[in-house]
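Trainee: I'm passing along structure_30.txt; it holds compact mmCIF, C-alpha atoms and all ligand atoms.
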# COMPACT_ATOMS: atom_id res chain seq x y z
CA MET A 1 -16.80 -23.59 10.90
CA VAL A 2 -16.72 -19.90 10.02
CA ARG A 3 -19.06 -17.36 11.68
CA ALA A 4 -19.15 -13.86 13.16
CA PRO A 5 -17.30 -13.27 16.46
CA LEU A 6 -19.40 -13.79 19.58
CA PRO A 7 -19.35 -12.12 23.01
CA GLY A 8 -16.70 -13.73 25.20
CA GLU A 9 -14.14 -13.93 22.33
CA GLY A 10 -12.55 -10.47 22.68
CA THR A 11 -9.43 -11.69 24.47
CA VAL A 12 -8.70 -14.59 22.12
CA LEU A 13 -9.17 -12.30 19.10
CA ALA A 14 -6.88 -9.63 20.55
CA ALA A 15 -4.24 -12.35 21.07
CA LEU A 16 -4.57 -13.40 17.41
CA TRP A 17 -4.17 -9.78 16.35
CA ARG A 18 -1.05 -9.45 18.48
CA GLU A 19 0.39 -12.63 16.91
CA LEU A 20 -0.22 -11.16 13.45
CA TRP A 21 1.38 -7.79 14.19
CA GLU A 22 4.43 -9.38 15.79
CA LEU A 23 4.82 -11.72 12.81
CA HIS A 24 4.72 -8.73 10.46
CA GLU A 25 7.30 -6.90 12.51
CA GLY A 26 9.53 -9.98 12.36
CA TRP A 27 9.23 -9.87 8.55
CA GLY A 28 10.42 -6.25 8.51
CA GLY A 29 7.01 -4.59 8.75
CA TYR A 30 6.36 -1.46 10.80
CA ALA A 31 7.04 -1.90 14.54
CA SER A 32 4.04 -2.59 16.77
CA THR A 33 3.64 -1.64 20.42
CA ARG A 34 4.59 -3.93 23.32
CA ASP A 35 2.18 -2.06 25.62
CA ALA A 36 -0.05 -4.72 27.23
CA SER A 37 -2.74 -2.12 28.06
CA MET A 38 -3.22 -1.51 24.33
CA TYR A 39 -4.15 -5.18 23.84
CA GLU A 40 -6.50 -5.08 26.84
CA ALA A 41 -8.22 -2.05 25.30
CA LEU A 42 -8.41 -3.91 21.98
CA ALA A 43 -9.98 -6.96 23.69
CA HIS A 44 -12.63 -4.66 25.27
CA ARG A 45 -13.37 -3.04 21.92
CA LEU A 46 -13.73 -6.42 20.19
CA GLU A 47 -15.98 -7.59 23.01
CA ARG A 48 -18.24 -4.52 22.61
CA GLU A 49 -18.32 -4.99 18.83
CA ALA A 50 -19.30 -8.68 19.19
CA HIS A 51 -22.26 -7.63 21.38
CA MET A 52 -23.34 -4.98 18.87
CA ARG A 53 -22.86 -7.32 15.91
CA GLY A 54 -25.37 -9.84 17.30
CA GLY A 55 -23.98 -12.67 15.14
CA LEU A 56 -24.06 -10.66 11.88
CA GLN A 57 -21.07 -11.21 9.62
CA LEU A 58 -21.49 -7.85 7.88
CA ILE A 59 -22.27 -4.53 9.57
CA GLY A 60 -22.07 -1.34 7.51
CA ARG A 61 -18.95 -1.71 5.40
CA HIS A 62 -17.20 -4.13 7.78
CA ILE A 63 -17.11 -7.95 7.60
CA HIS A 64 -15.62 -9.79 10.57
CA LEU A 65 -15.31 -13.60 10.64
CA VAL A 66 -13.73 -16.17 12.92
CA ALA A 67 -12.79 -19.79 12.17
CA CYS A 68 -13.53 -22.39 14.85
CA PHE A 69 -11.91 -25.80 15.25
CA ARG A 70 -13.32 -28.21 17.84
CA GLY A 71 -15.21 -25.35 19.46
CA GLN A 72 -12.21 -23.02 19.73
CA VAL A 73 -11.52 -19.83 17.80
CA VAL A 74 -8.36 -20.49 15.76
CA GLY A 75 -8.40 -17.73 13.18
CA GLN A 76 -10.01 -14.54 11.96
CA VAL A 77 -10.33 -12.18 9.02
CA GLU A 78 -11.85 -8.78 8.33
CA GLY A 79 -13.12 -7.30 5.09
CA TRP A 80 -13.61 -3.56 4.60
CA PHE A 81 -15.62 -2.24 1.67
CA GLU A 82 -14.10 0.77 -0.08
CA ARG A 83 -15.19 2.72 -3.12
CA HIS A 84 -12.38 4.26 -5.14
CA GLY A 85 -13.02 6.92 -7.74
CA THR A 86 -16.24 8.67 -8.68
CA ASP A 87 -17.60 6.52 -11.53
CA PRO A 88 -20.70 4.62 -10.31
CA THR A 89 -19.80 1.66 -12.59
CA THR A 90 -16.41 1.16 -10.89
CA ALA A 91 -16.10 -2.14 -9.00
CA LEU A 92 -16.67 -2.13 -5.27
CA THR A 93 -13.45 -3.03 -3.44
CA CYS A 94 -13.42 -5.31 -0.41
CA GLU A 95 -10.06 -5.12 1.39
CA VAL A 96 -8.98 -8.24 3.27
CA ARG A 97 -7.33 -7.29 6.56
CA SER A 98 -5.94 -9.00 9.66
CA LEU A 99 -6.16 -12.55 8.30
CA ILE A 100 -4.53 -14.99 10.69
CA VAL A 101 -4.80 -18.61 11.74
CA SER A 102 -3.01 -19.46 15.00
CA ALA A 103 0.33 -21.19 14.38
CA SER A 104 -0.65 -24.64 15.70
CA LYS A 105 -3.79 -24.80 13.50
CA ARG A 106 -2.31 -23.81 10.13
CA GLY A 107 -2.51 -26.13 7.15
CA LEU A 108 -5.94 -27.50 8.14
CA GLY A 109 -7.99 -25.42 5.73
CA ALA A 110 -9.05 -22.64 8.15
CA GLY A 111 -7.43 -19.86 6.10
CA ARG A 112 -9.13 -21.03 2.91
CA ALA A 113 -12.49 -21.34 4.71
CA LEU A 114 -12.15 -17.78 6.08
CA LEU A 115 -11.37 -16.27 2.66
CA GLU A 116 -14.04 -18.27 0.84
CA THR A 117 -16.69 -17.21 3.36
CA LEU A 118 -15.47 -13.61 3.16
CA GLY A 119 -15.83 -13.79 -0.64
CA ARG A 120 -19.39 -15.15 -0.36
CA VAL A 121 -20.45 -12.50 2.18
CA ALA A 122 -18.94 -9.78 -0.01
CA VAL A 123 -20.68 -11.09 -3.16
CA ASP A 124 -24.04 -11.25 -1.34
CA ALA A 125 -23.58 -7.67 -0.11
CA CYS A 126 -22.63 -6.36 -3.53
CA VAL A 127 -25.58 -5.13 -5.55
CA GLY A 128 -24.91 -3.37 -8.84
CA PRO A 129 -21.26 -2.83 -9.65
CA ARG A 130 -18.65 -5.54 -9.91
CA LEU A 131 -16.68 -6.64 -6.86
CA ILE A 132 -12.95 -7.01 -6.39
CA VAL A 133 -11.51 -8.50 -3.20
CA VAL A 134 -7.90 -7.46 -2.51
CA ALA A 135 -5.24 -8.16 0.09
CA GLU A 136 -1.82 -6.58 0.59
CA VAL A 137 0.86 -9.08 1.51
CA LEU A 138 4.52 -8.53 2.38
CA GLU A 139 6.91 -9.88 -0.27
CA VAL A 140 8.66 -12.03 2.33
CA ASN A 141 5.45 -13.47 3.77
CA PRO A 142 4.96 -17.17 2.83
CA ALA A 143 1.23 -16.37 2.71
CA ARG A 144 1.80 -15.18 -0.87
CA GLU A 145 1.63 -18.84 -1.93
CA PHE A 146 -1.50 -19.32 0.18
CA TYR A 147 -3.23 -16.49 -1.69
CA ARG A 148 -2.20 -18.00 -5.02
CA ARG A 149 -3.66 -21.36 -4.00
CA VAL A 150 -6.98 -19.82 -3.03
CA GLY A 151 -7.32 -17.99 -6.34
CA TYR A 152 -5.81 -14.53 -5.77
CA ALA A 153 -3.38 -13.06 -8.34
CA PRO A 154 -0.96 -10.11 -7.98
CA VAL A 155 -2.19 -6.86 -9.55
CA ALA A 156 0.16 -4.25 -8.05
CA PHE A 157 3.47 -4.04 -6.26
CA CYS A 158 5.03 -1.69 -3.73
CA GLY A 159 8.67 -0.84 -3.01
CA ARG A 160 9.95 0.90 0.10
CA MET A 161 12.99 2.97 1.02
CA GLU A 162 14.09 4.35 4.36
CA LEU A 163 14.57 8.09 4.26
CA GLY A 164 17.82 7.94 6.20
CA GLU A 165 19.47 6.08 3.33
CA ALA A 166 21.83 7.82 0.89
CA ARG A 167 20.09 9.77 -1.85
CA VAL A 168 20.30 8.54 -5.42
CA GLY A 169 22.30 10.93 -7.59
CA ASP A 170 20.35 12.72 -10.31
CA ARG A 171 22.32 13.96 -13.30
CA SER A 172 19.67 13.29 -15.88
CA GLY A 173 18.59 16.82 -16.84
CA PHE A 174 15.00 16.00 -15.88
CA ARG A 175 13.44 18.07 -13.09
CA ALA A 176 10.56 17.19 -10.75
CA ALA A 177 8.16 19.83 -9.45
CA LEU A 178 4.63 20.37 -8.17
CA ALA A 179 2.23 20.10 -11.10
CA GLU A 180 0.68 23.36 -12.35
CA PRO A 181 -2.57 24.10 -14.22
CA ARG A 182 -0.63 24.27 -17.52
CA ASP A 183 0.17 20.55 -17.04
CA ALA A 184 -3.49 19.49 -17.36
CA LEU A 185 -3.21 17.97 -20.85
CA PRO A 186 -0.06 15.87 -20.32
CA LEU A 187 -1.43 14.77 -16.95
CA ALA A 188 -4.70 13.67 -18.55
CA LEU A 189 -2.78 11.62 -21.15
CA LEU A 190 -0.51 10.03 -18.53
CA GLU A 191 -3.57 9.32 -16.36
CA ALA A 192 -5.18 7.43 -19.26
CA GLN A 193 -2.01 5.37 -19.59
CA LEU A 194 -2.08 4.55 -15.85
CA THR A 195 -5.72 3.48 -16.04
CA GLU A 196 -5.03 1.17 -18.97
CA ARG A 197 -2.02 -0.30 -17.18
CA ARG A 198 -4.08 -1.18 -14.11
CA ARG A 199 -6.96 -2.69 -16.04
CA ALA A 200 -4.68 -4.78 -18.26
CA VAL A 201 -3.59 -6.77 -15.17
CA GLY A 202 -7.07 -7.08 -13.65
CA ASP A 203 -6.82 -4.20 -11.17
CA PHE A 204 -10.41 -2.96 -11.42
CA ARG A 205 -10.37 -0.93 -8.17
CA PHE A 206 -10.28 2.38 -10.00
CA ASP A 207 -12.34 4.33 -12.53
CA ARG A 208 -12.30 3.56 -16.27
CA PRO A 209 -10.33 5.92 -18.51
CA ARG A 210 -12.18 9.21 -19.05
CA ALA A 211 -12.38 10.88 -22.44
CA VAL A 212 -9.71 13.55 -22.69
CA ASP A 213 -12.05 16.46 -23.36
CA ALA A 214 -12.58 20.03 -22.18
CA THR A 215 -14.47 18.88 -19.06
CA LEU A 216 -11.65 16.60 -17.92
CA LEU A 217 -8.97 19.20 -18.65
CA GLY A 218 -11.00 21.83 -16.79
CA ASP A 219 -11.33 19.53 -13.76
CA ILE A 220 -7.61 18.82 -13.67
CA ALA A 221 -6.64 22.46 -14.16
CA LEU A 222 -8.98 23.48 -11.31
CA ARG A 223 -7.42 20.90 -8.98
CA LEU A 224 -3.89 21.96 -9.92
CA GLY A 225 -4.82 25.63 -9.51
CA ARG A 226 -5.90 24.93 -5.92
CA GLN A 227 -2.66 23.04 -5.30
CA ALA A 228 -0.55 25.89 -6.75
CA ARG A 229 -2.37 28.50 -4.62
CA SER A 230 -1.83 26.55 -1.40
CA ALA A 231 1.84 26.07 -2.28
CA GLN A 232 2.19 29.84 -2.87
CA ALA A 233 0.42 30.59 0.40
CA GLY A 234 3.30 28.88 2.21
CA ILE A 235 5.11 25.62 2.31
CA ALA A 236 2.64 24.22 4.88
CA GLY A 237 0.78 22.09 2.37
CA VAL A 238 3.99 20.39 1.30
CA ALA A 239 5.48 20.16 4.80
CA GLY A 240 2.40 18.71 6.43
CA LEU A 241 0.94 16.90 3.43
CA THR A 242 -2.22 16.88 5.43
CA GLY A 243 -4.65 17.68 2.63
CA PRO A 244 -5.29 15.80 -0.60
CA PRO A 245 -2.32 14.07 -2.28
CA LEU A 246 0.11 16.47 -3.96
CA GLU A 247 0.45 16.01 -7.71
CA LEU A 248 3.98 15.98 -9.07
CA VAL A 249 5.41 16.06 -12.58
CA VAL A 250 8.82 15.58 -14.17
CA ARG A 251 9.82 17.89 -17.01
CA ASP A 252 12.67 17.46 -19.45
CA ALA A 253 15.15 20.26 -20.23
CA GLY A 254 12.70 21.68 -22.78
CA GLY A 255 9.84 21.77 -20.25
CA THR A 256 7.92 18.78 -21.66
CA VAL A 257 6.14 16.74 -19.01
CA CYS A 258 7.31 13.13 -19.10
CA ALA A 259 6.12 11.66 -15.78
CA ALA A 260 3.52 12.18 -13.07
CA ALA A 261 2.79 10.85 -9.60
CA THR A 262 1.11 11.84 -6.35
CA ILE A 263 2.56 11.96 -2.87
CA THR A 264 0.74 11.67 0.42
CA VAL A 265 1.77 11.08 4.03
CA GLY A 266 -0.09 8.80 6.43
CA THR A 267 0.28 8.32 10.17
CA LEU A 268 0.77 4.88 11.65
CA ASP A 269 -1.68 4.63 14.51
CA SER A 270 -1.99 2.13 17.37
CA PRO A 271 -0.96 -0.73 17.53
CA PHE A 272 2.01 0.54 15.56
CA VAL A 273 4.71 2.63 17.15
CA PRO A 274 3.60 6.13 16.01
CA ALA A 275 5.42 7.20 12.84
CA ARG A 276 4.75 8.85 9.49
CA ARG A 277 5.06 7.04 6.17
CA ALA A 278 5.07 8.77 2.80
CA MET A 279 3.55 7.15 -0.27
CA LEU A 280 4.44 8.01 -3.85
CA GLY A 281 1.64 6.55 -5.93
CA ARG A 282 -0.01 6.74 -9.35
CA ILE A 283 3.48 6.80 -10.89
CA VAL A 284 3.34 6.93 -14.67
CA LEU A 285 6.20 7.62 -17.06
CA ASP A 286 6.37 8.50 -20.75
CA PRO A 287 7.36 5.09 -22.19
CA ALA A 288 9.63 6.76 -24.77
CA ARG A 289 12.01 7.98 -22.03
CA CYS A 290 14.58 6.10 -19.97
CA ALA A 291 12.54 5.01 -16.93
CA GLU A 292 15.36 5.32 -14.41
CA ALA A 293 16.43 8.76 -15.62
CA VAL A 294 12.87 10.09 -15.26
CA LEU A 295 12.09 8.32 -11.99
CA ALA A 296 15.26 9.44 -10.15
CA PRO A 297 14.31 13.16 -9.88
CA LEU A 298 10.71 12.24 -9.04
CA VAL A 299 11.83 10.05 -6.14
CA GLY A 300 14.37 12.70 -5.10
CA PHE A 301 11.63 15.36 -4.96
CA ALA A 302 9.29 13.00 -3.11
CA ARG A 303 12.00 12.23 -0.55
CA GLY A 304 12.37 15.97 0.10
CA CYS A 305 8.60 16.35 0.64
CA ALA A 306 8.53 13.23 2.84
CA LEU A 307 11.41 14.44 5.00
CA MET A 308 9.75 17.85 5.45
CA ALA A 309 6.59 16.04 6.55
CA GLY A 310 8.56 14.05 9.14
CA ALA A 311 8.13 10.67 7.44
CA VAL A 312 10.52 7.81 8.18
CA SER A 313 10.05 5.92 4.94
CA LEU A 314 8.87 6.38 1.37
CA GLU A 315 6.77 3.70 -0.30
CA LEU A 316 6.47 3.54 -4.08
CA THR A 317 2.97 2.11 -4.44
CA ASP A 318 0.88 0.78 -7.33
CA LEU A 319 3.91 -0.37 -9.35
CA PRO A 320 3.46 -2.75 -12.31
CA ALA A 321 4.97 -6.27 -12.43
CA PRO A 322 8.63 -6.89 -11.50
CA ARG A 323 9.94 -7.15 -15.08
CA SER A 324 8.40 -3.87 -16.23
CA ALA A 325 10.60 -0.84 -16.89
CA LEU A 326 8.99 1.17 -14.06
CA HIS A 327 9.41 -1.61 -11.51
CA GLN A 328 13.06 -2.11 -12.48
CA ALA A 329 13.65 1.65 -12.28
CA ALA A 330 12.09 1.75 -8.79
CA LEU A 331 14.60 -0.85 -7.62
CA ALA A 332 17.45 0.97 -9.38
CA VAL A 333 16.69 4.22 -7.50
CA GLY A 334 16.80 2.48 -4.12
CA ALA A 335 13.39 0.91 -3.38
CA ARG A 336 13.31 -2.62 -1.98
CA PRO A 337 10.49 -5.02 -2.89
CA TRP A 338 8.00 -4.53 -0.05
CA THR A 339 4.44 -5.71 -0.63
CA GLN A 340 2.15 -6.92 -3.38
CA VAL A 341 -1.58 -6.43 -3.79
CA VAL A 342 -3.34 -9.67 -4.71
CA ALA A 343 -6.89 -9.72 -6.01
CA TRP A 344 -9.79 -12.06 -6.59
CA SER A 345 -13.01 -11.31 -8.39
CA PRO A 346 -16.11 -13.50 -8.69
CA TRP A 347 -16.58 -12.21 -12.26
CA PRO A 348 -14.25 -13.17 -15.11
C1 LIG R 1 -1.79 -17.39 5.64
C2 LIG R 1 -2.61 -18.24 6.61
C3 LIG R 1 -3.80 -17.42 7.07
C4 LIG R 1 -3.06 -19.51 5.89
O1 LIG R 1 -3.93 -20.20 6.75
P1 LIG R 1 -4.02 -21.81 6.75
O2 LIG R 1 -5.18 -22.18 7.55
O3 LIG R 1 -2.70 -22.36 7.16
O4 LIG R 1 -4.25 -22.10 5.19
P2 LIG R 1 -5.01 -23.36 4.58
O5 LIG R 1 -4.73 -24.57 5.42
O6 LIG R 1 -6.45 -23.02 4.38
O7 LIG R 1 -4.29 -23.50 3.17
C5 LIG R 1 -4.94 -23.28 1.93
C6 LIG R 1 -3.95 -23.60 0.83
O8 LIG R 1 -2.81 -22.73 0.91
C7 LIG R 1 -1.63 -23.50 1.07
N1 LIG R 1 -0.76 -22.81 2.02
C8 LIG R 1 -1.11 -22.29 3.22
N2 LIG R 1 -0.05 -21.71 3.80
C9 LIG R 1 0.97 -21.89 2.96
C10 LIG R 1 2.34 -21.53 3.00
N3 LIG R 1 2.85 -20.88 4.04
N4 LIG R 1 3.12 -21.85 1.98
C11 LIG R 1 2.62 -22.51 0.89
N5 LIG R 1 1.31 -22.89 0.79
C12 LIG R 1 0.53 -22.58 1.82
C13 LIG R 1 -2.08 -24.83 1.63
O9 LIG R 1 -1.17 -25.84 1.34
C14 LIG R 1 -3.41 -25.02 0.95
O10 LIG R 1 -3.18 -25.46 -0.37
P3 LIG R 1 -4.20 -26.51 -1.08
O11 LIG R 1 -5.60 -26.13 -0.61
O12 LIG R 1 -3.98 -26.27 -2.53
O13 LIG R 1 -3.77 -27.84 -0.59
C15 LIG R 1 -1.72 -18.66 7.82
O14 LIG R 1 -0.55 -19.28 7.35
C16 LIG R 1 -1.32 -17.51 8.72
O15 LIG R 1 -2.05 -17.16 9.64
N6 LIG R 1 -0.14 -16.91 8.47
C17 LIG R 1 0.35 -15.86 9.34
C18 LIG R 1 -0.42 -14.57 9.20
C19 LIG R 1 -0.42 -14.05 7.78
O16 LIG R 1 0.58 -14.10 7.10
N7 LIG R 1 -1.58 -13.53 7.35
C20 LIG R 1 -1.74 -12.96 6.03
C21 LIG R 1 -1.43 -11.50 6.10
S1 LIG R 1 -1.52 -10.75 4.51
Go through the file and emit its structure as structure tokens.
Ligand SMILES: CC(C)(COP(=O)(O)OP(=O)(O)OC[C@H]1O[C@@H](n2cnc3c(N)ncnc32)[C@H](O)[C@@H]1OP(=O)(O)O)[C@@H](O)C(=O)NCCC(=O)NCCS
Mentor:
Amino acid sequence: MVRAPLPGEGTVLAALWRELWELHEGWGGYASTRDASMYEALAHRLEREAHMRGGLQLIGRHIHLVACFRGQVVGQVEGWFERHGTDPTTALTCEVRSLIVSASKRGLGAGRALLETLGRVAVDACVGPRLIVVAEVLEVNPAREFYRRVGYAPVAFCGRMELGEARVGDRSGFRAALAEPRDALPLALLEAQLTERRRAVGDFRFDRPRAVDATLLGDIALRLGRQARSAQAGIAGVAGLTGPPLELVVRDAGGTVCAAATITVGTLDSPFVPARRAMLGRIVLDPARCAEAVLAPLVGFARGCALMAGAVSLELTDLPAPRSALHQAALAVGARPWTQVVAWSPWP
């Protein structure tokens, strides 16, 4: 049976959460705290939420479900609705988080029941645009096969590198830099390529391609102008990476833009041991160039930004499938396969 959490279940849910985080850490995920008081606080919060929820599976943009077996809670899952982009026709995203079935009750169908109910609740809540339900799963997690069996397919991949590791040499003649307003046209063209790439594999989380016209170029130039001004005003924007993602480009020796990406830094909050992680995303390369030669300076520049921002690792997110040139280049410049995003949609 799958239902919303009820008052009195805070402690058992916090224990499930702890099991999940420790499993992830064992698989090489970010370290979680061993502070027992943190889990007591979590149990109290879950208890309060269960009272407020009053048996409702969906509140605001948050779905929370538990699976029961012979009257006992044996698993749980959350779904968080997100809207990416600005186009009102873009699919609504529901992110699957904290899915776990306790070790002794696995293989009995609880995980499938949780995801199927989550899908139904999300479909019922979704009026208007399409829906895409996504989960991010570590490459080494056996749950990848579980997701495949319940109808999810990979749409994006992520590689990770520690920042303490030796830097990849860059003798390619390509140079990475912060994007400038003059880069608006090549960025718009690369952006269209990225959008097509995502949609071709069923990743409908983001906006459709926009027409490359004066309005789009004006928007991009304005954004890049703001970025250039804050960079001139001091290095703070780069060092802290606290504002919007920084847009980067790679230019060849003649100044032609042949790659683009964005970098941002996030903080790992409780229950994780506090740390900063940098993410290089939206990576798109001119397909006519050697992917590794163009990616190496981009990653080198991103590493510099990440180190200045105090990050411990750099993740290369939103990569295409493992056999693609970009994915291969990411591995060649030092990223290790880290996670994949799997997706399910009720619409074909
Ligand atoms: C992933 C997890 C939630 C699956 O829950 P579960 O209750 O064991 O899964 P189910 O019994 O509903 O299995 C559904 C299907 O997936 C398959 N499956 C489940 N776990 C599997 C595994 N580790 N390897 C291969 N197949 C698996 C089942 O055989 C079943 O296939 P079928 O319906 O075609 O016969 C559970 O293993 C778990 O809690 N893992 C640890 C936490 C975790 O990894 N969470 C996901 C984080 S992204």
Trainee: Closest to A:Pro7 among A:Arg48, A:Arg70, A:Arg182, A:Arg199, using all atoms listed in the file?
Mentor: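 Closest to A:Pro7 of all the choices is A:Arg48.
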Trainee: List as a list of chain:residue names: which residues have an atom within 12 Å of (9.7, 15.9, 8.4), counting all atoms listed in the file?
Mentor: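 Protein, DNA and RNA residues close to (9.7, 15.9, 8.4): A:Leu163, A:Gly164, A:Ala236, A:Val238, A:Ala239, A:Gly240, A:Leu241, A:Val265, A:Ala275, A:Arg276, A:Arg277, A:Ala278, A:Ala302, A:Arg303, A:Gly304, A:Cys305, A:Ala306, A:Leu307, A:Met308, A:Ala309, A:Gly310, A:Ala311, A:Val312, A:Ser313, A:Leu314.
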Trainee: Taking all atoms listed in the file into account, report as a PyMOL selection string which residues have an atom no farther than 10 Å from an atom of ligand LIG 1 (chain R).
Mentor: chain A and resi 16-17+19-24+27+67+74-77+96-116+135-151+339-342
Trainee: When you look at stretch 186-195 of chain A with a cut-off of 8 Å (counting all atoms listed in the file), what residues show up, excluding the ones that are within fewer than 5 positions of it in the same chain? I need them as a PyMOL selection string.
Mentor: chain A and resi 206-210+212+216-217+220+257-260+282-286
Trainee: Near A:His44, within 8 Å and counting only C-alpha atoms, which residues show up once chain neighbours fewer than 3 positions away are dropped, as a PyMOL selection string?
Mentor: chain A and resi 10-11+40-41+47-48
Trainee: So that I have them on file, write out the residues from the current selection with C-alpha atoms, as an mmCIF file, in the frame of the given file.
Mentor:
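Okay, out-v5.cif is ready:
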data_model
loop_
_atom_site.group_PDB
_atom_site.id
_atom_site.type_symbol
_atom_site.label_atom_id
_atom_site.label_comp_id
_atom_site.auth_asym_id
_atom_site.auth_seq_id
_atom_site.Cartn_x
_atom_site.Cartn_y
_atom_site.Cartn_z
ATOM 1 C CA GLY A 10 -12.550 -10.470 22.680
ATOM 2 C CA THR A 11 -9.430 -11.690 24.470
ATOM 3 C CA GLU A 40 -6.500 -5.080 26.840
ATOM 4 C CA ALA A 41 -8.220 -2.050 25.300
ATOM 5 C CA GLU A 47 -15.980 -7.590 23.010
ATOM 6 C CA ARG A 48 -18.240 -4.520 22.610
#
Trainee: So how many Å separate atom CA of A:Met279 and atom CA of A:Thr267, to one decimal?
Mentor: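 Separation of atom CA of A:Met279 and atom CA of A:Thr267: 11.0 Å.
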Trainee: For a test of reading the model, state the distance in Å between atom CA of A:Thr317 and atom CA of A:Asp87, rounded to one decimal.
Mentor: 22.2 Å
Trainee: Please, what distance in Å, to one decimal, runs between atom CA of A:Arg226 and atom CA of A:Gly266?
Mentor: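 Atom-to-atom, atom CA of A:Arg226 and atom CA of A:Gly266 are spaced 21.1 Å apart.
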Trainee: Looking at all atoms listed in the file, which of A:Thr256, A:Leu131, A:Ala184, A:Glu25 is the one that sits closest to A:Arg223?
Mentor: A:Ala184
Trainee: With distances taken over all atoms listed in the file, which of A:Leu246, A:Ala125, A:Leu46, A:Ala156 is nearest to A:Glu180?
Mentor: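 Closest to A:Glu180 of all the choices is A:Leu246.
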Trainee: List as a ChimeraX atom specification the protein and nucleic acid residues near A:Gln227, meaning an atom at most 10 Å away when only C-alpha atoms are counted, but skip any in the same chain fewer than 2 places from it.
Mentor: /A:178-181,221-225,229-233,237-238,243-247
Trainee: Select, from A:Ala211, A:Val273, A:Leu65, A:Arg205, the residue with the minimum atom-to-atom distance to A:Thr86, counting only C-alpha atoms.
Mentor: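 Among the listed residues, the smallest separation from A:Thr86 belongs to A:Arg205.
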Trainee: Distance cut-off 6 Å, centre (-9.4, -12.7, -1.6) in file coordinates, counting all atoms listed in the file: which residues qualify? Return them as a PyMOL selection string.
Mentor: chain A and resi 115+133-134+152+343-344
Trainee: Writing all heavy atoms and nothing else, produce stretch 110-114 of chain A as a PDB file, in the first residue's frame.
Mentor:
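Wrote part.pdb, looks like this:
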ATOM      1  N   ALA A 110       7.776  -2.956  -3.761  1.00  0.00           N
ATOM      2  CA  ALA A 110       7.491  -1.672  -3.101  1.00  0.00           C
ATOM      3  C   ALA A 110       8.035  -0.490  -3.906  1.00  0.00           C
ATOM      4  O   ALA A 110       7.378   0.548  -4.043  1.00  0.00           O
ATOM      5  CB  ALA A 110       8.067  -1.663  -1.688  1.00  0.00           C
ATOM      6  N   GLY A 111       9.260  -0.656  -4.456  1.00  0.00           N
ATOM      7  CA  GLY A 111       9.868   0.434  -5.221  1.00  0.00           C
ATOM      8  C   GLY A 111       9.021   0.769  -6.444  1.00  0.00           C
ATOM      9  O   GLY A 111       8.732   1.935  -6.732  1.00  0.00           O
ATOM     10  N   ARG A 112       8.586  -0.272  -7.158  1.00  0.00           N
ATOM     11  CA  ARG A 112       7.733  -0.051  -8.331  1.00  0.00           C
ATOM     12  C   ARG A 112       6.433   0.641  -7.913  1.00  0.00           C
ATOM     13  O   ARG A 112       6.000   1.614  -8.552  1.00  0.00           O
ATOM     14  CB  ARG A 112       7.426  -1.391  -9.019  1.00  0.00           C
ATOM     15  CG  ARG A 112       6.522  -1.244 -10.226  1.00  0.00           C
ATOM     16  CD  ARG A 112       6.117  -2.606 -10.766  1.00  0.00           C
ATOM     17  NE  ARG A 112       7.181  -3.282 -11.501  1.00  0.00           N
ATOM     18  CZ  ARG A 112       7.468  -3.049 -12.775  1.00  0.00           C
ATOM     19  NH1 ARG A 112       6.791  -2.151 -13.454  1.00  0.00           N
ATOM     20  NH2 ARG A 112       8.425  -3.725 -13.374  1.00  0.00           N
ATOM     21  N   ALA A 113       5.814   0.169  -6.821  1.00  0.00           N
ATOM     22  CA  ALA A 113       4.546   0.765  -6.374  1.00  0.00           C
ATOM     23  C   ALA A 113       4.740   2.246  -6.027  1.00  0.00           C
ATOM     24  O   ALA A 113       3.889   3.092  -6.353  1.00  0.00           O
ATOM     25  CB  ALA A 113       4.013  -0.005  -5.167  1.00  0.00           C
ATOM     26  N   LEU A 114       5.865   2.566  -5.393  1.00  0.00           N
ATOM     27  CA  LEU A 114       6.125   3.979  -5.031  1.00  0.00           C
ATOM     28  C   LEU A 114       6.238   4.840  -6.293  1.00  0.00           C
ATOM     29  O   LEU A 114       5.613   5.905  -6.387  1.00  0.00           O
ATOM     30  CB  LEU A 114       7.414   4.082  -4.206  1.00  0.00           C
ATOM     31  CG  LEU A 114       7.285   3.704  -2.733  1.00  0.00           C
ATOM     32  CD1 LEU A 114       8.667   3.475  -2.113  1.00  0.00           C
ATOM     33  CD2 LEU A 114       6.525   4.781  -1.941  1.00  0.00           C
TER      34      LEU A 114
END
